[in-house]
Amino acid sequence: MPSHTQFVSPLAAAIACRCPRCGKGKLFVNVLNIRDKCDACGLDYKFVDTGDGPAVFAIFILGFLCIGGALIAEFEFGVPWWAHVLLWGILTPLLGVLLLRFLKALLIALQFKNKAEEGRLSKE
């Protein structure tokens, strides 16, 4: 078993979508499905509970970017309506998945780093 005394930056782990403990094992199986455990260090991902946090952050960030981009495209460049449909119909889902993947990995890494867990009234 490798030593886990080294520190992996949560931002670096999130950008690479890697294990928050070792920074080597992949975090996701497919696009957004989390693995059961790390292939490199064996960290069990049962502690992961991001809830709706990544989706909420992604909605706000993506809404700001897409609406701002659509307004700029319309009023600065006079893009026709069909180009908006084509551009934002492709760009929005693509950015949404990439942003959701990054934010999910970031919240998992921060949850691991800060040892966040469900609140309890007494220690068991």
# chains A, B, ... in the order shown; residues from 1 in each chain; ligands from 1
$ residues_around --residues "Asp49 (chain A)" --least-positions-apart "6" --cutoff "10 Å" --atoms "only C-alpha atoms" --output "list in words"
Lys104, Leu107, Ile108, Gln111, Ala116, Glu117 and Glu118 of chain A
$ residues_around --residues "Ala12 (chain A)" --least-positions-apart "6" --cutoff "12 Å" --atoms "only C-alpha atoms" --output "PyMOL selection string"
chain A and resi 18-24+102+105-106+109-110
$ atom_distance --atom1 "CA of Ala73 (chain A)" --atom2 "CA of Pro54 (chain A)"
27.5 Å
$ atom_distance --atom1 "CA of Ala55 (chain A)" --atom2 "CA of Ile34 (chain A)"
15.3 Å
$ atom_distance --atom1 "CA of Leu86 (chain A)" --atom2 "CA of Leu98 (chain A)"
18.8 Å
$ residues_around --residues "Gly25 (chain A)" --least-positions-apart "6" --cutoff "9 Å" --atoms "only C-alpha atoms" --output "list of chain:residue names"
A:Cys17, A:Arg18, A:Cys19, A:Lys37, A:Cys38, A:Asp39, A:Ala40, A:Cys41, A:Gly42
$ write_last_selection --atoms "C-alpha atoms" --output "short mmCIF file (atom, residue, chain, number, x, y, z; two decimals), in the first residue's frame"
data_model
loop_
_atom_site.label_atom_id
_atom_site.label_comp_id
_atom_site.auth_asym_id
_atom_site.auth_seq_id
_atom_site.Cartn_x
_atom_site.Cartn_y
_atom_site.Cartn_z
CA CYS A 17 -10.66 14.01 -12.39
CA ARG A 18 -8.37 11.85 -10.28
CA CYS A 19 -8.47 10.36 -6.79
CA LYS A 37 -12.82 2.73 -5.20
CA CYS A 38 -9.54 4.10 -6.45
CA ASP A 39 -7.56 1.73 -8.68
CA ALA A 40 -4.22 3.13 -7.49
CA CYS A 41 -4.53 3.53 -3.70
CA GLY A 42 -7.76 1.67 -2.92
#
